[in-house]
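Have a look at the structure below, then the notes.
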Amino acid sequence: MQIKKIQEEIVDEFSMFDDWMQRYEYMIDLGKSLPLINENYKTDDNIIKGCQSKVWVHAELEEDKLVFTADSDAIITKGIIAILIRAFSNQKPQDIIDADTDFIDEIGLKEHLSPTRANGLVSMIKQLKLYAIAYQTQLN
Amino acid sequence: MIDVTKIRKDFPILKREVNGKPLVYLDNAATSQTPQQVIDVIVDYYQNYNANIHRGVHALSQEATDKYEVARQTIQKHFNAKESYEIIFTSGTTHSINIVANGFTTLLEKGDEILVSAMEHHSNIVPWQMLAERTGAVLKVIPMNLDGELRMDVYDDLLSNKTKLVFCNHISNALGTINPIKEIIDKAHAVGAAVLIDGAQAAPHIKADMQKLDVDFYTASAHKICGPTGVGMLYGKEEWLNKLPPYQGGGEMIAEVTFEKTTYADLPHKFEAGTPNICGGIAFGAALDYMNSIGFEAIAEYEHELLEYATKELLKIEGLKIYGTAKNKTSVISFNIEGLHPYDIGSILDKLGVAVRTGHHCAQPIMDFYKIPGTVRASFSFYNTMDEVDVLVAAVIRAKGMLE
Ligand SMILES: Cc1ncc(COP(=O)(O)O)c(C=O)c1O
C-alpha cells in the first residue's frame, strides 16, 4: 500500500477515539505488543539520542524496499514508532524520501514531534529519511 | 503565615487551563511564574521610560538609569553585599559562571586543582571543564552519598594547598539537597581557595547573606525568583572582581579607547559590556521586592509543609522511589516508578494539566550515579496548594494505571 494510503488509514483509526486517554491507551498497547527490533541491532551505533528517551533504528533493503525496525525505552515513544514504522517501512526509498509526516499532527500527537520534547522522534524521522536517501543512491 | 488564596490572585497565569484542565504548575525549579506586580513594572518601563542607560543626558535615559541602579541596590541589600558594585548584572547564572570561569584562565597554572560537587547543573560543570582544558588545571569531584548529600569527609581529603577554586550549588536542582555551603566556604578558605556558589536554586527559597557567608562569588537567575528570563546576577567580592579580567569587550565597559590601548571602566561596568537587559534588571529588583513582601521565612515554612505532605502522599504509591532524600532539602521531589520511563509519566501528567519536568534536569552525572535515564521532578513554590499536591498524586496514580 502507498504511504499516503496507510497514513489515511491510521488517521481514520484514530478518529474513532473520543479523547486523548483512548489515543494514549492505544499507543501504549501498540508500544507494548510489538517486538520492534532484533536485540542484536540495539547497538550504540543504531541509537538516536534524544535528551529523554532513547530510540534505536535499523534499516535493511529487501529487494527494492526498505524495511525498518526500531525500538525505544519509553513506551509512548515506542507506540509512535510503531505508527511510523507502519507508515514508512516496506516502502521504496524514493517514496519514503517524498513522504511527509503531517498525519502525526492529524492524529493528535504533534506535541511528541516537537524538538523540545527531545524524545528522539524528530531525529528518528530524519534518520528514516537519511537511510532512504542512502539506499536510493545505492539503487541508482 | 502564607495566605495562598490571596497570593495566587497575584499570578494571572495560574488561572489558565492546559489541555482542558486547570493548570497545576509544578515546574518551579525550572522557571517560576511572574506576579502582576512584576508584570506591571515591565509594562511601565516600555510604556513610560524606555531608553538606553548610562549614556544619555535626556530625561528618559536618566530615569531608566536611576531605576536600573536602584534595582542593583535592591539586589545588593537582599543579598547583603558590602557594595552595590559587587553586584554584576548578567543574563543569568550560566553567564555569571562563565564570567568567573573565563576570568580564572590567567589565574591558574598547570597542576592547580579545582573542585566541583557531584550534583552540579551542567552550567556549573562545563565552563570549568573548559577552564581546565585551557589551563591544565585538574578538575576533581566531591562525591555524594545515596541520599544525595555531599561526602564532606572526602571533601576534607581533596582540599590541599593545590586547590585554587571550589564550586558547588547552594541547592541542587535535581535533588533539592541544601548543601552545607558555609562549611564548604570556610574549609576552602583555610587552604587559600576561592569559592563560587551557584545560587540559582537557592534564591527562591533562602535569603543568602554574602558577608556572613564570606563567599567569593554567588550567582542567581531572576526567572527562578518571580522575575523575567534573561537576567540574573553575579556577586563577586570586590578584590576578586578587580583581579578578574573582563569577559566581553564592547561599549559601556571601557574608560578610554584608542586603537593602541583600552582601559577598562570601574566595577560593575567592567563586566557589563553592551546595552544590558534594562527592563529585566529593573523587574529583577521588583521581583525581589515582591518576594520580600511575602517574606522568605514564611515562604520556607510553607514550602516545607508542601514538601512533607507531597513526600508522604507520593510514597504511598507502590513502586515509587524518590531520588534525593537529604535531611536538609527544599521543595523538590525527583522520583521514578519502578519499570516506567519518566518521559511516559510526564507525558500523561501533561495531559492532565500537571506541569512537571522529566529527564536528566541538566545534571547527567547525577543520573549516571543512580544509573537511571532521568526522573520526574515536581518542584513546589509558595503559590502552590495542598490541593495541587492531591491533583499531582492522583495524576501519577492514573499514569501508572495506564502504563502498567
Ligand atoms: C542549579 C542551577 N544552576 C544553573 C542553572 C542555569 O541557570 P540559567 O539557565 O538561568 O542560566 C540552573 C537552571 O536550571 C540551575 O538549576
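For the C-alpha cells, the naming scheme is as follows: chains receive sequential letters (A, B, ...) according to their order of presentation, residues are indexed from 1 within each chain, and ligands are indexed from 1 in presentation order.
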Considering only C-alpha atoms, give me a table of residues in segment 313-350 of chain B that are at most 12 Å from segment 5-27 of chain B, with the closest atom pair and distance in Å for each, as a tab-separated table.
residue	atom	partner	partner_atom	distance
B:Ser331	CA	B:Leu26	CA	10.2
B:Val332	CA	B:Leu26	CA	9.3
B:Ile333	CA	B:Leu26	CA	10.0
B:Ser334	CA	B:Asp27	CA	11.3
B:Gly346	CA	B:Asp27	CA	11.4
B:Ser347	CA	B:Asn19	CA	11.8
B:Ile348	CA	B:Asn19	CA	11.0
B:Leu349	CA	B:Val24	CA	9.8
B:Asp350	CA	B:Asn19	CA	7.9
Write the residues of the preceding selection, restricted to N, CA, C and O atoms, as a CSV table (one decimal), in the first residue's frame.
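This went into selection23.csv:
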chain,number,residue,atom,x,y,z
B,331,SER,N,11.8,22.2,48.5
B,331,SER,CA,10.6,21.6,47.9
B,331,SER,C,10.7,21.1,46.5
B,331,SER,O,10.0,21.5,45.6
B,332,VAL,N,11.6,20.2,46.3
B,332,VAL,CA,11.8,19.5,45.0
B,332,VAL,C,11.7,18.0,45.3
B,332,VAL,O,12.3,17.5,46.2
B,333,ILE,N,10.9,17.3,44.5
B,333,ILE,CA,10.8,15.9,44.6
B,333,ILE,C,11.1,15.2,43.2
B,333,ILE,O,10.3,15.4,42.3
B,334,SER,N,12.2,14.5,43.1
B,334,SER,CA,12.6,13.8,41.9
B,334,SER,C,12.2,12.4,42.2
B,334,SER,O,12.6,11.8,43.2
B,346,GLY,N,5.6,11.7,32.6
B,346,GLY,CA,5.5,13.2,32.3
B,346,GLY,C,4.5,13.5,31.2
B,346,GLY,O,3.7,14.5,31.3
B,347,SER,N,4.5,12.7,30.1
B,347,SER,CA,3.6,13.0,29.0
B,347,SER,C,2.1,12.9,29.5
B,347,SER,O,1.3,13.7,29.1
B,348,ILE,N,1.8,11.9,30.3
B,348,ILE,CA,0.5,11.7,30.8
B,348,ILE,C,0.1,12.8,31.8
B,348,ILE,O,-1.0,13.4,31.7
B,349,LEU,N,1.0,13.1,32.7
B,349,LEU,CA,0.8,14.2,33.6
B,349,LEU,C,0.4,15.5,32.9
B,349,LEU,O,-0.5,16.3,33.3
B,350,ASP,N,1.1,15.8,31.8
B,350,ASP,CA,0.9,17.0,31.0
B,350,ASP,C,-0.5,17.0,30.5
B,350,ASP,O,-1.2,18.0,30.5
(request) Mind checking which residues fall within 12 Å of Glu62 of chain A, counting only C-alpha atoms, ignoring those fewer than 4 positions away in the same chain, and posting them as a list in words? (result)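 What passes the distance filter is Leu66, Val67, Phe68, Ser89, Asn90, Gln91, Lys92, Pro93, Tyr135 and Leu139 of chain A.
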Find the residues of chain B that sit at most 7 Å from ligand 1; for each, write down the nearest two atoms and how far apart they are in Å, to one decimal. Count only C-alpha atoms and all ligand atoms. Sort by chain, then by number going up, and give it as a tab-separated table.
residue	atom	partner	partner_atom_place_in_ligand_line	distance
B:Ala29	CA	ligand 1	16 (O)	6.5
B:Ala30	CA	ligand 1	14 (O)	5.2
B:Gly92	CA	ligand 1	11 (O)	4.3
B:Thr93	CA	ligand 1	11 (O)	3.9
B:Thr94	CA	ligand 1	11 (O)	3.6
B:His95	CA	ligand 1	11 (O)	6.2
B:Glu120	CA	ligand 1	1 (C)	6.5
B:His121	CA	ligand 1	3 (N)	5.0
B:Ser123	CA	ligand 1	4 (C)	5.4
B:Asn124	CA	ligand 1	3 (N)	6.3
B:Asn169	CA	ligand 1	1 (C)	5.8
B:Ile171	CA	ligand 1	1 (C)	6.6
B:Ser172	CA	ligand 1	1 (C)	5.5
B:Asn173	CA	ligand 1	16 (O)	4.5
B:Asp198	CA	ligand 1	3 (N)	5.8
B:Gly199	CA	ligand 1	1 (C)	6.8
B:Ala200	CA	ligand 1	2 (C)	4.9
B:Gln201	CA	ligand 1	16 (O)	5.2
B:Ser221	CA	ligand 1	10 (O)	4.8
B:His223	CA	ligand 1	10 (O)	6.8
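Every protein, DNA or RNA residue with an atom at most 12 Å from Asp387 of chain B, where only C-alpha atoms count and chain neighbours fewer than 4 positions away do not, is listed here: Val4, Thr5, Pro22, Val24, Leu306, Tyr309, Ala310, Glu313, Tyr383, Val391, Leu392, Val393 and Ala394 of chain B.
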Hey, can you spit out that residue selection with N, CA and C atoms as a PDB file, in the first residue's frame?
ATOM      1  N   VAL B   4      -2.285  31.668  50.829  1.00  0.00           N
ATOM      2  CA  VAL B   4      -2.038  31.211  49.461  1.00  0.00           C
ATOM      3  C   VAL B   4      -3.162  31.602  48.503  1.00  0.00           C
ATOM      4  N   THR B   5      -4.385  31.677  49.014  1.00  0.00           N
ATOM      5  CA  THR B   5      -5.505  32.091  48.147  1.00  0.00           C
ATOM      6  C   THR B   5      -5.271  33.519  47.650  1.00  0.00           C
ATOM      7  N   PRO B  22      -7.448  22.585  34.705  1.00  0.00           N
ATOM      8  CA  PRO B  22      -6.789  23.712  35.379  1.00  0.00           C
ATOM      9  C   PRO B  22      -5.286  23.433  35.489  1.00  0.00           C
ATOM     10  N   VAL B  24      -1.797  22.959  36.841  1.00  0.00           N
ATOM     11  CA  VAL B  24      -1.121  22.733  38.120  1.00  0.00           C
ATOM     12  C   VAL B  24       0.364  22.850  37.811  1.00  0.00           C
ATOM     13  N   LEU B 306       4.499  21.833  52.181  1.00  0.00           N
ATOM     14  CA  LEU B 306       4.159  21.236  50.881  1.00  0.00           C
ATOM     15  C   LEU B 306       5.035  20.015  50.609  1.00  0.00           C
ATOM     16  N   TYR B 309       4.099  17.005  52.910  1.00  0.00           N
ATOM     17  CA  TYR B 309       2.834  16.407  52.530  1.00  0.00           C
ATOM     18  C   TYR B 309       2.967  15.635  51.213  1.00  0.00           C
ATOM     19  N   ALA B 310       3.601  16.270  50.221  1.00  0.00           N
ATOM     20  CA  ALA B 310       3.754  15.624  48.910  1.00  0.00           C
ATOM     21  C   ALA B 310       4.607  14.363  49.028  1.00  0.00           C
ATOM     22  N   GLU B 313       2.491  11.581  50.612  1.00  0.00           N
ATOM     23  CA  GLU B 313       1.439  11.065  49.733  1.00  0.00           C
ATOM     24  C   GLU B 313       2.029  10.280  48.548  1.00  0.00           C
ATOM     25  N   TYR B 383       3.238  29.535  45.922  1.00  0.00           N
ATOM     26  CA  TYR B 383       1.874  29.734  45.414  1.00  0.00           C
ATOM     27  C   TYR B 383       1.178  28.407  45.076  1.00  0.00           C
ATOM     28  N   VAL B 391      -3.828  16.679  43.371  1.00  0.00           N
ATOM     29  CA  VAL B 391      -4.010  16.502  41.923  1.00  0.00           C
ATOM     30  C   VAL B 391      -2.797  15.768  41.342  1.00  0.00           C
ATOM     31  N   LEU B 392      -1.619  16.173  41.770  1.00  0.00           N
ATOM     32  CA  LEU B 392      -0.399  15.513  41.291  1.00  0.00           C
ATOM     33  C   LEU B 392      -0.430  14.017  41.622  1.00  0.00           C
ATOM     34  N   VAL B 393      -0.732  13.710  42.870  1.00  0.00           N
ATOM     35  CA  VAL B 393      -0.702  12.311  43.304  1.00  0.00           C
ATOM     36  C   VAL B 393      -1.733  11.497  42.510  1.00  0.00           C
ATOM     37  N   ALA B 394      -2.933  12.053  42.363  1.00  0.00           N
ATOM     38  CA  ALA B 394      -3.973  11.351  41.601  1.00  0.00           C
ATOM     39  C   ALA B 394      -3.525  11.145  40.155  1.00  0.00           C
TER      40      ALA B 394
END
(request) From segment 47-243 of chain B, collect each residue whose DSSP state is alpha helix (DSSP H) and return the set as number ranges by chain. (result) B: 59-79, 93-103, 126-135, 152-158, 181-190, 210-213, 238-243
(request) With a cut-off of 9 Å and counting only C-alpha atoms, select all residues of chain A in contact with chain B and give the selection as a ChimeraX atom specification. (result) /A:20-21,24-25,28-29,51-53,73-77,112,119
(request) Give the answer as one residue: which of A:Glu9, A:Asp100, A:Asp44, A:Asp64 has the shortest atom-to-atom distance to Gln138 of chain A, using only C-alpha atoms? (result)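 Once distances to Gln138 of chain A are computed over only C-alpha atoms, the minimum belongs to A:Asp64.
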(request) Rounded to one decimal place, report the atom CA of Ile317 of chain B-atom CA of Ile366 of chain B distance in Å. (result) 23.6 Å
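Note that the spacing between atom CA of Ser91 of chain B and atom CA of Gly236 of chain B amounts to 15.6 Å.
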(message) Could you list, as number ranges by chain, every residue within 9 Å of Ala82 of chain A, counting only C-alpha atoms and ignoring same-chain residues fewer than 5 positions away?
(response) A: 27, 30-31, 34, 36, 70-71, 77, 87
Selection: 10 Å around Gly319 of chain B, only C-alpha atoms, excl. self and same-chain fewer than 6 positions, as a short mmCIF file (atom, residue, chain, number, x, y, z; two decimals) with N, CA and C atoms, in the first residue's frame:
data_model
loop_
_atom_site.label_atom_id
_atom_site.label_comp_id
_atom_site.auth_asym_id
_atom_site.auth_seq_id
_atom_site.Cartn_x
_atom_site.Cartn_y
_atom_site.Cartn_z
N ASN B 336 10.86 8.26 40.41
CA ASN B 336 10.56 7.33 39.33
C ASN B 336 9.62 6.27 39.86
N ILE B 337 8.94 5.60 38.95
CA ILE B 337 8.13 4.45 39.35
C ILE B 337 8.76 3.23 38.69
N GLU B 338 8.96 2.21 39.48
CA GLU B 338 9.64 1.01 39.01
C GLU B 338 9.05 0.52 37.69
N GLY B 339 9.93 0.32 36.72
CA GLY B 339 9.50 -0.24 35.44
C GLY B 339 8.94 0.77 34.46
N LEU B 340 8.76 2.02 34.88
CA LEU B 340 8.20 3.01 33.96
C LEU B 340 9.24 4.07 33.62
N LYS B 400 0.25 5.72 36.14
CA LYS B 400 0.76 4.39 36.47
C LYS B 400 -0.22 3.33 35.99
#
(message) When you count only C-alpha atoms, which of these residues is closest to Gln136 of chain A: A:Met1, A:Ile96, A:Glu8, A:Lys32?
(response)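 Checking each candidate against Gln136 of chain A, we get A:Ile96 as the closest.
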